[in-house]
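Heads up, data.txt below (compact mmCIF, C-alpha atoms):
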```txt
# COMPACT_ATOMS: atom_id res chain seq x y z
CA MET A 50 142.41 153.73 122.89
CA ILE A 51 140.38 154.83 125.91
CA PHE A 52 141.88 155.42 129.37
CA SER A 53 140.31 155.60 132.80
CA HIS A 54 141.15 158.64 134.95
CA LEU A 55 143.77 156.58 136.85
CA GLU A 56 145.47 155.44 133.64
CA PHE A 57 145.30 158.99 132.34
CA MET A 58 146.93 160.40 135.48
CA SER A 59 149.74 157.83 135.33
CA ARG A 60 150.35 158.44 131.61
CA ALA A 61 150.33 162.19 132.03
CA GLY A 62 152.30 162.01 135.29
CA ILE A 63 149.89 164.17 137.27
CA ASP A 64 147.94 163.74 140.50
CA GLN A 65 144.19 163.85 141.17
CA GLN A 66 144.26 167.43 142.43
CA THR A 67 145.96 168.63 139.26
CA LEU A 68 143.49 166.70 137.09
CA ASP A 69 140.55 168.22 138.98
CA VAL A 70 141.86 171.72 138.26
CA TRP A 71 142.47 170.93 134.59
CA ILE A 72 138.96 169.58 134.16
CA GLU A 73 137.47 172.55 135.99
CA GLU A 74 139.42 174.92 133.73
CA GLU A 75 138.33 172.81 130.73
CA TRP A 76 141.95 172.34 129.69
CA VAL A 77 141.04 168.69 129.25
CA VAL A 78 137.46 167.58 128.64
CA PRO A 79 136.97 163.84 129.28
CA GLN A 80 134.08 161.96 127.74
CA GLY A 81 131.83 159.31 129.21
CA ALA A 82 129.69 159.35 132.33
CA LEU A 83 130.53 161.90 135.01
CA GLU A 84 131.65 159.34 137.58
CA LEU A 85 133.52 157.30 134.96
CA PRO A 86 135.40 159.83 132.83
CA GLU A 87 137.13 158.46 129.74
CA PHE A 88 140.27 159.90 128.21
CA THR A 89 141.72 159.46 124.74
CA GLU A 90 145.28 159.53 123.40
CA ALA A 91 144.51 163.04 122.20
CA ASP A 92 143.82 164.01 125.83
CA VAL A 93 147.16 162.46 126.91
CA ALA A 94 148.99 164.42 124.20
CA ARG A 95 147.14 167.55 125.34
CA ALA A 96 148.27 166.87 128.90
CA ARG A 97 151.89 166.71 127.70
CA LEU A 98 151.35 169.98 125.90
CA ILE A 99 150.06 171.60 129.10
CA LEU A 100 153.08 170.32 131.03
CA ASP A 101 155.45 171.50 128.27
CA LEU A 102 153.82 174.93 128.36
CA MET A 103 154.27 175.19 132.13
CA ARG A 104 157.68 173.57 132.53
CA ASP A 105 159.60 174.10 129.30
CA LEU A 106 158.02 177.24 127.94
CA GLY A 107 157.63 178.97 131.28
CA VAL A 108 153.95 179.80 130.79
CA ASN A 109 152.08 180.43 134.04
CA ALA A 110 148.68 178.93 134.86
CA GLU A 111 146.71 181.91 133.52
CA GLY A 112 148.73 181.85 130.31
CA VAL A 113 148.08 178.14 129.73
CA GLY A 114 144.35 178.78 129.28
CA VAL A 115 145.02 181.56 126.77
CA ALA A 116 147.58 179.46 124.88
CA LEU A 117 145.26 176.45 124.67
CA HIS A 118 142.38 178.60 123.47
CA LEU A 119 144.53 180.14 120.73
CA ILE A 120 145.96 176.74 119.75
CA ASP A 121 142.41 175.33 119.52
CA GLN A 122 141.44 178.22 117.27
CA VAL A 123 144.48 177.63 115.06
CA HIS A 124 143.42 174.00 114.62
CA ASP A 125 139.84 175.10 113.89
CA MET A 126 141.05 177.45 111.21
CA ARG A 127 143.38 174.86 109.76
CA GLN A 128 140.39 172.56 109.38
CA VAL A 129 138.31 175.27 107.73
CA LEU A 130 141.23 176.06 105.44
CA ALA A 131 141.56 172.38 104.54
CA ALA A 132 137.80 172.26 103.78
CA LEU A 133 138.11 175.40 101.64
CA ILE A 134 140.98 173.91 99.68
CA ASP A 135 138.89 170.77 99.12
CA GLN A 136 135.99 172.92 97.85
CA MET A 137 138.29 174.83 95.53
CA ARG A 138 139.73 171.62 94.12
CA LEU A 139 136.20 170.27 93.56
CA SER A 140 135.01 173.40 91.75
CA ARG A 141 138.20 173.48 89.63
CA ASP A 142 137.92 169.87 88.48
CA MET B 151 174.54 166.81 116.52
CA ILE B 152 175.78 170.37 116.67
CA GLU B 153 177.35 171.71 119.79
CA PRO B 154 174.68 172.24 122.52
CA TYR B 155 175.99 175.70 123.40
CA GLU B 156 175.62 176.68 119.78
CA ILE B 157 172.10 175.30 119.58
CA LEU B 158 170.94 177.31 122.56
CA GLY B 159 173.03 180.29 121.50
CA VAL B 160 174.77 180.73 124.83
CA ALA B 161 178.41 181.12 125.82
CA LYS B 162 180.28 178.26 127.45
CA SER B 163 180.43 180.38 130.57
CA ALA B 164 176.63 180.86 130.64
CA THR B 165 174.97 180.47 134.07
CA ASP B 166 172.18 177.94 134.67
CA ASP B 167 169.74 180.81 134.60
CA GLU B 168 170.99 182.04 131.24
CA VAL B 169 170.81 178.51 129.84
CA ARG B 170 167.21 178.14 131.04
CA LYS B 171 166.16 181.52 129.66
CA ALA B 172 167.74 180.75 126.29
CA TYR B 173 166.02 177.37 126.20
CA ARG B 174 162.60 178.75 127.07
CA ARG B 175 162.89 181.47 124.46
CA LEU B 176 163.71 178.91 121.77
CA ALA B 177 161.14 176.38 123.03
CA ARG B 178 158.37 178.99 122.87
CA LYS B 179 159.31 179.60 119.26
CA HIS B 180 159.82 176.03 118.12
CA HIS B 181 157.51 173.81 120.18
CA PRO B 182 155.60 171.64 117.63
CA ASP B 183 152.23 172.50 119.16
CA VAL B 184 152.94 176.20 118.74
CA ASN B 185 153.80 175.47 115.09
CA PRO B 186 151.10 173.02 113.98
CA GLY B 187 151.89 173.50 110.28
CA SER B 188 155.68 173.26 110.41
CA LYS B 189 157.23 169.91 109.62
CA ASP B 190 160.64 171.09 110.79
CA ALA B 191 159.44 172.21 114.21
CA GLU B 192 159.57 168.75 115.71
CA ALA B 193 163.19 168.04 114.73
CA LYS B 194 164.21 171.53 115.76
CA PHE B 195 162.49 171.25 119.13
CA ARG B 196 164.05 167.86 119.82
CA GLU B 197 167.46 169.34 119.10
CA ILE B 198 166.85 172.28 121.42
CA SER B 199 165.41 170.19 124.25
CA GLY B 200 168.22 167.65 123.87
CA ALA B 201 170.80 170.41 124.24
CA TYR B 202 168.94 171.74 127.27
CA ASP B 203 168.72 168.29 128.88
CA LEU B 204 172.50 168.09 128.63
CA LEU B 205 173.34 171.61 129.80
CA SER B 206 170.73 171.83 132.56
CA ASP B 207 172.15 168.76 134.32
CA PRO B 208 175.30 169.97 136.18
CA GLU B 209 176.95 166.53 136.10
CA LYS B 210 176.30 165.97 132.38
CA ARG B 211 177.41 169.52 131.59
CA ARG B 212 180.65 169.05 133.59
CA ARG B 213 181.41 165.79 131.81
CA PHE B 214 180.64 167.31 128.41
CA ASP B 215 182.87 170.31 129.14
CA ALA B 216 185.64 167.93 130.23
CA GLY B 217 185.27 166.04 126.94
CA GLU B 218 184.14 162.82 128.69
CA ILE B 219 180.88 162.59 126.75
CA ASP B 220 179.73 164.08 123.47
CA ALA B 221 176.37 165.52 122.58
CA SER B 222 175.13 162.42 120.80
CA GLY B 223 172.26 160.52 122.39
CA ALA B 224 171.12 163.66 124.11
CA GLU B 225 168.08 164.04 121.89
CA ARG B 226 164.78 163.36 123.52
CA PRO B 227 162.90 160.30 122.31
CA GLN B 228 160.25 160.90 119.69
CA GLN B 229 156.79 161.59 121.01
CA ARG B 230 153.39 162.35 119.56
CA TYR B 231 152.37 165.93 119.99
CA TYR B 232 148.87 167.26 120.47
CA ARG B 233 148.89 168.64 116.93
CA ASP B 234 149.03 165.06 115.60
CA PHE B 235 145.58 164.47 117.12
CA ALA B 236 144.02 167.90 116.80
CA ALA B 237 143.84 167.63 113.01
CA GLY B 238 141.71 164.48 113.15
CA GLU B 239 138.42 163.44 114.65
CA SER B 240 139.93 162.84 118.09
CA GLY B 241 140.75 166.48 118.64
CA ARG B 242 137.36 167.81 117.58
CA GLY B 243 136.05 168.06 121.12
CA TYR B 244 138.26 171.08 121.76
CA GLY B 245 137.15 173.15 118.80
CA VAL B 246 135.79 176.61 119.53
CA GLY B 247 134.72 177.73 116.06
CA SER B 248 135.17 181.41 116.90
CA GLY B 249 138.44 181.88 115.05
CA TYR B 250 136.78 182.51 111.68
CA ALA B 251 133.15 183.22 112.57
CA ASP B 252 133.43 186.90 111.57
CA PHE B 253 134.50 186.01 108.02
CA ALA B 254 131.59 183.63 107.55
CA ASP B 255 129.22 186.35 108.81
CA THR B 256 130.39 189.13 106.52
CA ASP B 257 131.66 187.52 103.35
CA GLU B 258 128.92 185.91 101.28
CA LEU B 259 131.25 183.83 99.18
CA LEU B 260 133.11 182.56 102.18
CA ALA B 261 129.88 181.90 104.06
CA GLU B 262 128.63 179.90 101.12
CA LEU B 263 131.87 177.97 100.95
CA LEU B 264 131.93 177.27 104.64
CA GLY B 265 128.26 176.39 104.58
CA ARG B 266 125.79 177.97 106.93
CA GLY B 267 125.50 174.82 109.00
CA ARG B 268 129.20 174.12 109.03
CA ARG B 269 129.56 174.61 112.76
CA ALA B 270 126.22 173.09 113.68
CA ARG B 271 126.41 170.29 116.19
CA GLY B 272 125.53 166.78 115.08
CA ALA B 273 122.30 165.19 116.27
CA ASP B 274 122.04 163.27 119.51
CA LEU B 275 121.68 159.55 119.13
CA GLN B 276 119.29 157.64 121.39
CA VAL B 277 119.61 153.95 122.07
CA GLN B 278 117.97 151.60 124.55
CA LEU B 279 120.05 149.17 126.55
CA GLY B 280 118.41 146.28 128.38
CA LEU B 281 120.23 145.07 131.49
CA ASP B 282 119.60 142.17 133.80
CA MET B 283 118.90 143.29 137.33
CA LEU B 284 122.11 141.62 138.52
CA GLU B 285 124.11 143.70 136.01
CA SER B 286 122.52 146.86 137.39
CA ILE B 287 123.51 145.73 140.89
CA SER B 288 127.13 144.87 140.17
CA GLY B 289 127.87 147.22 137.25
CA VAL B 290 128.90 145.91 133.85
CA THR B 291 130.82 146.76 130.69
CA ARG B 292 128.83 146.30 127.51
CA GLN B 293 129.74 146.58 123.89
CA LEU B 294 127.15 148.67 122.09
CA ALA B 295 126.55 148.50 118.36
CA LEU B 296 125.63 151.93 117.02
CA PRO B 297 123.37 152.59 114.04
CA ASN B 298 126.36 153.91 112.06
CA GLY B 299 128.00 150.50 112.25
CA SER B 300 130.63 151.31 114.86
CA THR B 301 130.76 149.79 118.32
CA ILE B 302 131.71 151.34 121.64
CA ASN B 303 132.47 149.90 125.03
CA LEU B 304 130.18 151.34 127.64
CA THR B 305 130.93 151.00 131.34
CA ILE B 306 127.71 151.01 133.28
CA PRO B 307 128.16 151.94 136.94
CA ALA B 308 126.66 149.78 139.68
CA GLY B 309 123.37 151.24 140.89
CA VAL B 310 122.10 152.49 137.56
CA GLU B 311 118.32 152.92 137.72
CA ASP B 312 115.63 151.70 135.37
CA GLY B 313 114.92 154.48 132.87
CA GLU B 314 118.14 156.37 133.68
CA VAL B 315 119.86 157.99 130.70
CA LEU B 316 123.66 157.89 130.37
CA ARG B 317 125.05 160.67 128.19
CA LEU B 318 128.26 160.03 126.26
CA LYS B 319 129.55 163.32 125.02
CA GLY B 320 130.50 163.41 121.36
CA LYS B 321 129.50 159.81 120.61
CA GLY B 322 126.39 160.73 118.67
CA VAL B 323 125.86 161.60 115.02
CA ALA B 324 128.78 163.39 113.36
CA ALA B 325 128.11 166.99 112.40
CA PRO B 326 127.27 167.66 108.75
CA SER B 327 130.59 169.45 108.42
CA GLU B 328 132.78 171.25 110.95
CA GLY B 329 130.64 171.17 114.08
CA PRO B 330 131.15 168.84 117.01
CA PRO B 331 129.33 165.51 116.95
CA GLY B 332 126.15 165.06 118.99
CA ASP B 333 125.92 163.01 122.16
CA LEU B 334 124.95 159.40 122.58
CA LEU B 335 122.05 158.94 124.99
CA VAL B 336 121.75 155.45 126.38
CA GLN B 337 118.48 154.75 128.16
CA ILE B 338 118.70 151.88 130.61
CA ALA B 339 115.89 149.34 130.90
CA ILE B 340 116.27 146.85 133.73
CA ARG B 341 114.73 143.41 133.40
CA PRO B 342 113.18 142.09 136.62
CA HIS B 343 114.87 139.23 138.44
CA ARG B 344 113.26 135.98 139.54
CA PHE B 345 113.64 136.73 143.23
CA PHE B 346 115.73 139.90 143.74
CA ARG B 347 114.08 143.30 143.76
CA ARG B 348 115.74 146.69 144.17
CA GLU B 349 114.85 149.65 146.33
CA GLY B 350 117.49 152.30 145.62
CA ASP B 351 120.80 150.74 146.55
CA ASP B 352 119.23 148.06 148.74
CA VAL B 353 118.32 144.68 147.30
CA LEU B 354 115.24 142.89 148.63
CA LEU B 355 114.76 139.15 148.81
CA GLU B 356 111.91 137.07 150.16
CA LEU B 357 113.38 133.88 151.60
CA PRO B 358 111.19 130.85 152.32
CA VAL B 359 112.12 128.95 155.52
CA THR B 360 110.56 125.79 156.90
CA LEU B 361 108.51 125.73 160.07
CA LYS B 362 111.31 123.90 161.83
CA GLU B 363 114.02 126.34 160.69
CA ALA B 364 111.88 129.29 161.79
CA ALA B 365 110.95 127.81 165.16
CA LEU B 366 114.28 126.32 166.20
CA GLY B 367 116.68 128.60 164.30
CA ALA B 368 119.03 127.40 161.56
CA LYS B 369 121.87 128.28 159.26
CA VAL B 370 120.56 128.47 155.70
CA ARG B 371 122.18 129.14 152.38
CA VAL B 372 120.86 132.36 150.87
CA PRO B 373 121.53 133.71 147.37
CA VAL B 374 123.09 137.20 147.20
CA PRO B 375 123.72 139.16 143.98
CA SER B 376 127.40 138.18 144.06
CA GLY B 377 126.81 134.47 144.81
CA ALA B 378 125.58 132.95 148.05
CA VAL B 379 126.26 133.24 151.79
CA MET B 380 125.23 131.32 154.93
CA LEU B 381 122.66 133.18 156.98
CA SER B 382 121.70 132.50 160.60
CA VAL B 383 117.93 132.43 161.01
CA PRO B 384 117.37 133.26 164.69
CA LYS B 385 115.28 130.95 166.81
CA GLY B 386 111.61 131.91 166.75
CA SER B 387 111.73 133.90 163.51
CA ASN B 388 108.35 134.81 162.09
CA THR B 389 107.11 135.45 158.57
CA GLY B 390 107.93 139.07 157.76
CA ALA B 391 111.08 139.22 159.91
CA VAL B 392 113.77 141.20 158.05
CA LEU B 393 117.45 140.26 158.25
CA ARG B 394 120.00 142.77 156.94
CA LEU B 395 123.13 141.58 155.14
CA LYS B 396 125.37 144.66 155.14
CA GLY B 397 127.12 145.54 151.90
CA LYS B 398 125.51 142.74 149.89
CA GLY B 399 123.28 145.08 147.88
CA VAL B 400 124.16 147.38 144.99
CA ALA B 401 127.95 147.41 144.59
CA ARG B 402 128.30 151.18 144.67
CA PRO B 403 132.00 151.90 145.26
CA GLY B 404 132.59 153.18 148.78
CA ALA B 405 128.93 152.92 149.81
CA PRO B 406 127.47 149.55 148.85
CA GLY B 407 123.79 148.94 149.59
CA ASP B 408 122.47 146.16 151.83
CA LEU B 409 120.57 142.99 151.12
CA LEU B 410 117.31 142.86 153.09
CA VAL B 411 116.07 139.31 153.52
CA THR B 412 112.40 138.98 154.45
CA LEU B 413 111.60 135.57 155.91
CA LYS B 414 108.52 133.65 154.86
CA VAL B 415 107.57 130.57 156.89
CA VAL B 416 106.18 127.80 154.70
CA LEU B 417 104.44 124.61 155.76
CA PRO B 418 105.28 121.33 154.04
CA LYS B 419 103.62 121.05 150.62
CA GLU B 420 102.51 117.48 151.25
CA PRO B 421 100.60 116.63 154.43
CA ASP B 422 103.02 115.28 157.03
CA PRO B 423 101.36 112.69 159.33
CA ALA B 424 104.02 113.13 162.03
CA LEU B 425 103.51 116.91 162.11
CA ASP B 426 99.72 116.48 162.06
CA SER B 427 99.68 114.07 164.96
CA PHE B 428 102.14 116.24 166.92
CA LEU B 429 99.96 119.31 166.48
CA LYS B 430 96.78 117.40 167.43
CA GLY B 431 98.33 116.46 170.72
CA TRP B 432 99.95 119.89 171.27
CA THR B 433 98.57 122.47 173.64
CA PRO B 434 100.43 125.81 173.29
CA GLN B 435 102.05 126.97 176.53
CA ASN B 436 100.59 130.45 176.25
CA SER B 437 97.44 130.39 174.20
CA GLU B 438 97.83 133.72 172.56
CA ASN B 439 95.20 135.32 170.34
CA VAL B 440 97.00 136.05 167.07
CA ARG B 441 93.97 137.89 165.65
CA LYS B 442 93.53 140.20 168.56
CA GLU B 443 93.93 143.40 166.52
CA TYR B 444 91.21 142.29 164.07
CA GLU B 445 88.57 142.02 166.79
CA SER B 446 86.47 144.97 167.80
```

Take the structure in the file and give it back as structure tokens.
Amino acid sequence: MIFSHLEFMSRAGIDQQTLDVWIEEEWVVPQGALELPEFTEADVARARLILDLMRDLGVNAEGVGVALHLIDQVHDMRQVLAALIDQMRLSRD
Amino acid sequence: MIEPYEILGVAKSATDDEVRKAYRRLARKHHPDVNPGSKDAEAKFREISGAYDLLSDPEKRRRFDAGEIDASGAERPQQRYYRDFAAGESGRGYGVGSGYADFADTDELLAELLGRGRRARGADLQVQLGLDMLESISGVTRQLALPNGSTINLTIPAGVEDGEVLRLKGKGVAAPSEGPPGDLLVQIAIRPHRFFRREGDDVLLELPVTLKEAALGAKVRVPVPSGAVMLSVPKGSNTGAVLRLKGKGVARPGAPGDLLVTLKVVLPKEPDPALDSFLKGWTPQNSENVRKEYES
């Protein structure tokens, strides 16, 4: 599913100013044309993660960027690991 | 559900501040997105956040302490976490690829396994999209069929220019392995319209009017990109006179263009005996030389 920036803001429960900062910090990266940004469900879930980090986990704004970057790297490595396991299975069979 | 105080590991006498600190400490440890590989993290986090929801609300906490309510139903509803998306295609846009780059660079076996081009970006995909001029004026949503068989909905903003290229990040060819997909480049080709032309955000129209309408003035129906409106042709309008219809041009949000109507006086196609005989007997009040500027 694809959301407009208004739908995204209402789903994430944030205002335009907050969204502008998030996009500038590249915490969320919408797709589509510049004047018509498109957001996915993954972006909405990422928005909830950002809010959880700030509200529930007590991470400050500077920390959110670091946390997201490390989380992205963990997912990268999980994908590489999954690919490696696939390769190993293939070479074993 | 276990006792909320027990879950957060705080005493019944704990202050709000102590409750919040205990919750944050546990949340940092058990949040599902901080534990992408742990199946238990989600249940554990729901338990913790449910206990916190109860104990952080003074009224709920008072009623719980007084035995009026129990801890059941305090769990937060299930939600999808970012980790559920990050593992699939939809989360690829956020990949950084730097978490393992050093291994691939130094270990031959690993580099071979990962593949040298593993992180290479997929190719950009170029497609042409033909639009009617009216669609470029009002904006339009089009479904595009891509060479790989999938379709996407593309929203084309009003005012798009002929030859303009819209870039859709990540909608191009998938990377050979781990890299991000390329972009989709949509080049716009605008088909000319029968009578509308565009100049930036303004729309131009040449409107034929009869001799009588031009001389005496009239209200005429004029097509605009969004339909039609009635236009007052002032008395004594000449060929080449331009009438501006504000906001009837390109529907750019906040700053729509105008429609510029250029009048063109046309004589009747068939000879009109009444007009002929009137003109034969007509002596203009001021015989003005209309070709003055052509004479030396």

Would you mind reading off the distance between atom CA of B:Phe214 and atom CA of B:Pro182, one decimal, in Å?
->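 Value for the atom CA of B:Phe214-atom CA of B:Pro182 distance: 27.6 Å.
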
Select, from B:Gly289, B:Gly386, B:Gly217, B:Gly280, the residue with the minimum atom-to-atom distance to chain A, counting all atoms listed in the file.
-> B:Gly289

Which residues, protein or nucleic acid, reach to within 9 Å of (112.2, 141.5, 158.8) in the file's coordinates when using only C-alpha atoms, and can you give that as a ChimeraX atom specification?
-> /B:387-394,410-413

Around (115.0, 123.8, 164.2) in the file's own coordinates, what residues are found within 12 Å if you use only C-alpha atoms, given back as a ChimeraX atom specification?
-> /B:359-370,382-387

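Between atom CA of B:Ser188 and atom CA of B:Gln229 lies a distance of 15.8 Å.
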
Counting all atoms listed in the file, which of A:Ala91, A:Met50, A:Leu102, A:Ile134 gets nearest to A:Val115?
->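 Distance minimum relative to A:Val115 lands on A:Leu102.
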
Restrict the distance test to all atoms listed in the file, flag each residue of chain B within 6 Å of chain A, and return the flagged residues as a PyMOL selection string.
-> chain B and resi 174+177-178+231-232+235+245+249+318-319

Stretch 158-162 of chain B: which residues within 7 Å, counting only C-alpha atoms, same-chain residues fewer than 6 positions away excluded, as a PyMOL selection string?
-> chain B and resi 169+172-173+198

Can you pull out every residue within 8 Å of stretch 343-358 of chain B, counting all atoms listed in the file, but drop anything in the same chain fewer than 6 positions away, and send it as a PyMOL selection string?
-> chain B and resi 282-284+309+311+372+398-400+402+406-416

In Å, with one decimal, what is the gap from atom CA of A:Glu56 to atom CA of B:Leu275?
->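 Computed distance, atom CA of A:Glu56 to atom CA of B:Leu275, equals 28.2 Å.
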
B:Gly272: which residues within 6 Å, counting all atoms listed in the file, same-chain residues fewer than 2 positions away excluded, as a compact mmCIF listing (two decimals) with C-alpha atoms, keeping the file's coordinate frame?
```
# COMPACT_ATOMS: atom_id res chain seq x y z
CA VAL B 323 125.86 161.60 115.02
CA ALA B 324 128.78 163.39 113.36
CA ALA B 325 128.11 166.99 112.40
CA PRO B 331 129.33 165.51 116.95
CA GLY B 332 126.15 165.06 118.99
```

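Using all atoms listed in the file, the contacts of B:Asn303 at a cut-off of 10 Å, with sequence neighbours closer than 6 positions omitted, comprise Ile51 of chain A; Thr291, Arg292, Gln293, Leu294 and Ala295 of chain B.
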
Work out where the centre of an axis-aligned box around every listed atom of stretch 82-92 of chain A lies and how long its edges are once 3 Å is added on each side; give both in Å to one decimal as JSON.
```
{"center_x": 137.5, "center_y": 160.7, "center_z": 129.9, "size_x": 21.6, "size_y": 12.7, "size_z": 21.4}
```
